[in-house]
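Reading through the structure tokens given below for one structure.
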Amino acid sequence: MSESMPQFPPDTSQQTYLAVQAIVAGRLYLRDKRVFQDSIHLPDSSGFRAPDFCFLIAHPTKGRILFDLGIRKNGKGYPPAVEKLLGIFELECEDDVADTLKKGGIDPTTINTIIYSHLHWDHVGDPTPFTNAQMIIGADAQPLWLEAYPSNPNGRYQELPADRPITYISFDPYTSTHPIISPIGTFEKAIDLFADRTLYLVSAPGHMPGHLAALVRVAPNSFIFLAGDTCHDRQCYDPGERLISQENYMDLETARDTVTKLMRMNREMDEVIVVLAHEKERDGTMPVFPEELGTWVVNEIRKRKASRSLPTIVSTASLILTNYPLVFQERYS
Ligand SMILES: [Zn+2]
């Protein structure tokens, strides 16, 4: 028996679709040796500049959601243990996510929910302007707070403002507050956050404990997959011939397994477009806030379907030419 085709839950008859907008919340320098296994012997000077994407998602009844907050403004305000590591990243962040929203007429206090893909400094950003947001974090990240700054002056993770409610997303059926969907596409586990098939939080472990991806339904049978730091470069999942580095993934074996799932999703599922948090090929080619991504996603899906069917057309044409040369000779000679 061949493996069944991976699928997402289909649209319902009254399906809601969400508006997604990408925001570049800074840029940073990534070293090749921390991105690609084939580069671990390269010096720090070998690397590339990458964007730090976060996403604004608008739900008609659940309000505004941010997926990650990117870098803090001008790279300032991190715990001392993080600050001393930042030089190598050559951070650039004139406008943080709150600034960009304000310039676009969106008051940060109107954000209802912040979803963190994981708790690294370049994704946590500065949550202080989002005074009315509840936070959503992968449950496996919860123990990281035990050593967080400033309670622990040497902590690398920064405590969130004390008044923000935090919901921890567990993919263990015994502790999960939501029913577990399994499988979802090529991934093993997800939850339907609003129970309306609009936004799925997908377990994408390996890089950091509790690492989450988000699958968002933006148009009929059309999705965007916000993959966070599942990997740090497109070549690791598309076409996927470069392995992720042993230097930047807390559970390397699990992380490589997660990247394989992402690679299969990209290769086998026409209806989804993947975006990594640091995908440099998307920087300047993917529309950003205040533009919306829905039409772009639909067009990217259409382009990909066309490019995938092209080899079939070409091979069919060559088959005809090979088998019926006389027909063409008669007509064109
Ligand atoms: Zn990152």
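Ordering of the structure tokens sets the chain letters (A, B, ...); residue numbers start at 1 within each chain; ligands are numbered from 1 in the order shown.
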Distance table requested - segment 91-173 of chain A against segment 197-218 of chain A, cut-off 8 Å, only C-alpha atoms: one row per qualifying residue with the closest atom pair and its distance in Å to one decimal, ordered by chain and rising residue number, as CSV.
residue,atom,partner,partner_atom,distance
A:Tyr116,CA,A:Leu212,CA,7.4
A:Ser117,CA,A:Leu212,CA,4.6
A:His118,CA,A:His211,CA,5.0
A:Leu119,CA,A:Met208,CA,7.8
A:Ile137,CA,A:Gly210,CA,7.3
A:Gly138,CA,A:Gly210,CA,4.1
A:Ala139,CA,A:Gly210,CA,5.7
A:Asp140,CA,A:Gly210,CA,4.3
A:Ala141,CA,A:Gly210,CA,4.8
A:Phe171,CA,A:Ser203,CA,7.2
Keeping N, CA, C and O atoms for every residue in the selection just given, could you write it to a file as a compact mmCIF listing (two decimals), in the first residue's frame?
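And here's selection_6.txt as it stands now:
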# COMPACT_ATOMS: atom_id res chain seq x y z
N TYR A 116 3.94 33.11 20.32
CA TYR A 116 5.39 33.01 20.15
C TYR A 116 5.75 31.66 19.55
O TYR A 116 5.40 30.63 20.10
N SER A 117 6.47 31.69 18.41
CA SER A 117 6.94 30.43 17.85
C SER A 117 7.89 29.76 18.83
O SER A 117 7.86 28.55 19.01
N HIS A 118 8.71 30.57 19.49
CA HIS A 118 9.62 30.09 20.53
C HIS A 118 10.21 31.29 21.25
O HIS A 118 9.94 32.43 20.87
N LEU A 119 10.99 31.04 22.30
CA LEU A 119 11.36 32.13 23.21
C LEU A 119 12.74 32.74 22.96
O LEU A 119 13.29 33.41 23.83
N ILE A 137 2.10 30.21 24.03
CA ILE A 137 3.46 29.66 23.98
C ILE A 137 3.35 28.13 24.02
O ILE A 137 2.44 27.58 24.65
N GLY A 138 4.28 27.45 23.36
CA GLY A 138 4.32 25.99 23.43
C GLY A 138 4.60 25.54 24.86
O GLY A 138 5.46 26.10 25.54
N ALA A 139 3.86 24.53 25.32
CA ALA A 139 3.98 24.10 26.73
C ALA A 139 5.39 23.66 27.09
O ALA A 139 5.84 23.87 28.22
N ASP A 140 6.10 23.08 26.14
CA ASP A 140 7.44 22.59 26.46
C ASP A 140 8.43 23.72 26.74
O ASP A 140 9.53 23.48 27.22
N ALA A 141 8.03 24.96 26.42
CA ALA A 141 8.90 26.11 26.70
C ALA A 141 8.73 26.61 28.14
O ALA A 141 9.55 27.39 28.63
N PHE A 171 0.63 19.38 23.20
CA PHE A 171 0.20 18.41 22.19
C PHE A 171 0.08 17.01 22.79
O PHE A 171 0.04 16.02 22.09
- prompt: Taking the backbone alone, and naming residues the way the document does, which bits of segment 7-253 of chain A are alpha helix (DSSP H) by DSSP, as JSON, numbers by chain?
  reply: {"A": [32, 33, 34, 35, 80, 81, 82, 83, 97, 98, 99, 100, 101, 102, 103, 121, 122, 123, 124, 252, 253]}
At most 12 Å is the cut-off: for each residue in chain A with any atom that close to an atom of ligand 1, write down the nearest atom pair and the distance in Å rounded to one decimal, counting only C-alpha atoms and all ligand atoms, chain first then increasing number, as a tab-separated table.
residue	atom	partner	partner_atom_place_in_ligand_line	distance
A:Ala25	CA	ligand 1	1 (Zn)	11.4
A:Gly26	CA	ligand 1	1 (Zn)	11.2
A:Arg27	CA	ligand 1	1 (Zn)	10.3
A:Leu28	CA	ligand 1	1 (Zn)	9.3
A:Tyr29	CA	ligand 1	1 (Zn)	10.8
A:Leu30	CA	ligand 1	1 (Zn)	9.4
A:Arg34	CA	ligand 1	1 (Zn)	11.4
A:Val35	CA	ligand 1	1 (Zn)	10.9
A:Ala50	CA	ligand 1	1 (Zn)	9.7
A:Pro51	CA	ligand 1	1 (Zn)	9.5
A:Asp52	CA	ligand 1	1 (Zn)	7.1
A:Phe53	CA	ligand 1	1 (Zn)	9.1
A:Cys54	CA	ligand 1	1 (Zn)	10.5
A:Asp68	CA	ligand 1	1 (Zn)	9.9
A:Leu69	CA	ligand 1	1 (Zn)	10.8
A:Gly70	CA	ligand 1	1 (Zn)	8.2
A:Ile71	CA	ligand 1	1 (Zn)	9.3
A:Phe89	CA	ligand 1	1 (Zn)	11.0
A:Tyr116	CA	ligand 1	1 (Zn)	11.2
A:Ser117	CA	ligand 1	1 (Zn)	9.2
A:His118	CA	ligand 1	1 (Zn)	8.6
A:Leu119	CA	ligand 1	1 (Zn)	9.2
A:His120	CA	ligand 1	1 (Zn)	6.6
A:Trp121	CA	ligand 1	1 (Zn)	7.8
A:Asp122	CA	ligand 1	1 (Zn)	5.4
A:His123	CA	ligand 1	1 (Zn)	6.0
A:Val124	CA	ligand 1	1 (Zn)	9.5
A:Gly125	CA	ligand 1	1 (Zn)	10.9
A:His207	CA	ligand 1	1 (Zn)	9.4
A:Met208	CA	ligand 1	1 (Zn)	10.2
A:His211	CA	ligand 1	1 (Zn)	11.0
A:Ala227	CA	ligand 1	1 (Zn)	10.7
A:Gly228	CA	ligand 1	1 (Zn)	7.1
A:Asp229	CA	ligand 1	1 (Zn)	5.5
A:Thr230	CA	ligand 1	1 (Zn)	9.2
A:Cys231	CA	ligand 1	1 (Zn)	9.0
A:His232	CA	ligand 1	1 (Zn)	7.5
A:Asp233	CA	ligand 1	1 (Zn)	10.9
A:Asn248	CA	ligand 1	1 (Zn)	9.9
A:Tyr249	CA	ligand 1	1 (Zn)	11.0
A:Leu276	CA	ligand 1	1 (Zn)	9.2
A:Ala277	CA	ligand 1	1 (Zn)	6.5
A:His278	CA	ligand 1	1 (Zn)	6.6
A:Glu279	CA	ligand 1	1 (Zn)	10.2
Generate a file of the selected residues that holds C-alpha atoms, formatted as a CSV table (one decimal), in the first residue's frame.
chain,number,residue,atom,x,y,z
A,25,ALA,CA,10.8,43.5,12.5
A,26,GLY,CA,14.5,44.0,11.8
A,27,ARG,CA,17.3,42.2,10.1
A,28,LEU,CA,20.3,40.2,11.3
A,29,TYR,CA,23.4,38.5,10.2
A,30,LEU,CA,23.3,34.7,10.3
A,34,ARG,CA,24.9,27.8,12.4
A,35,VAL,CA,22.6,27.3,9.5
A,50,ALA,CA,18.3,37.7,6.9
A,51,PRO,CA,15.0,39.3,7.6
A,52,ASP,CA,13.2,38.8,10.9
A,53,PHE,CA,9.6,38.3,9.9
A,54,CYS,CA,6.6,38.5,12.2
A,68,ASP,CA,6.2,36.6,16.9
A,69,LEU,CA,7.4,40.1,17.6
A,70,GLY,CA,10.9,40.1,16.0
A,71,ILE,CA,13.8,42.1,17.3
A,89,PHE,CA,24.3,39.5,14.6
A,116,TYR,CA,5.4,33.0,20.1
A,117,SER,CA,6.9,30.4,17.8
A,118,HIS,CA,9.6,30.1,20.5
A,119,LEU,CA,11.4,32.1,23.2
A,120,HIS,CA,14.6,33.2,21.5
A,121,TRP,CA,15.3,37.0,21.7
A,122,ASP,CA,14.8,37.6,18.0
A,123,HIS,CA,11.2,36.4,18.2
A,124,VAL,CA,10.1,37.6,21.6
A,125,GLY,CA,10.8,41.2,20.8
A,207,HIS,CA,15.1,24.1,17.4
A,208,MET,CA,13.8,25.1,20.9
A,211,HIS,CA,8.6,25.4,19.0
A,227,ALA,CA,7.4,28.0,10.0
A,228,GLY,CA,9.3,30.1,12.5
A,229,ASP,CA,12.8,28.7,13.0
A,230,THR,CA,12.0,25.2,11.9
A,231,CYS,CA,15.1,25.9,9.7
A,232,HIS,CA,16.9,29.1,8.9
A,233,ASP,CA,17.3,29.0,5.1
A,248,ASN,CA,21.7,25.8,16.3
A,249,TYR,CA,19.1,23.2,17.2
A,276,LEU,CA,10.4,30.9,7.4
A,277,ALA,CA,11.0,33.6,10.0
A,278,HIS,CA,14.4,34.3,8.4
A,279,GLU,CA,13.8,33.3,4.8
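Checking A:Gly185, A:Met135, A:Pro153, A:Pro10 one by one against Ile166 of chain A, counting only C-alpha atoms, you find the shortest gap at A:Met135.
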- request: Give me the residues within 12 Å of Gly294 of chain A as a PyMOL selection string, counting only C-alpha atoms and dropping any in the same chain fewer than 3 places off.
  value: chain A and resi 17-22+57-58+216-224+272-273+286-288+291+297-301
message: Can you pull out every residue from segment 119-203 of chain A that DSSP, working from the backbone, puts in strand (DSSP E), and format the result as a ChimeraX atom specification?
response: /A:134-138,166-169,180-181,190-192,199-203
- request: Excluding Arg31 of chain A and residues on its chain fewer than 6 positions from it, collect all residues at most 12 Å away from it, counting only C-alpha atoms, and give them as a ChimeraX atom specification.
  value: /A:37,39-50,88-90,232-233,245,247-248
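Here the question is which of A:Pro290, A:Lys261, A:Tyr78, A:Glu253 gets nearest to Lys102 of chain A using only C-alpha atoms, and that residue is A:Pro290.
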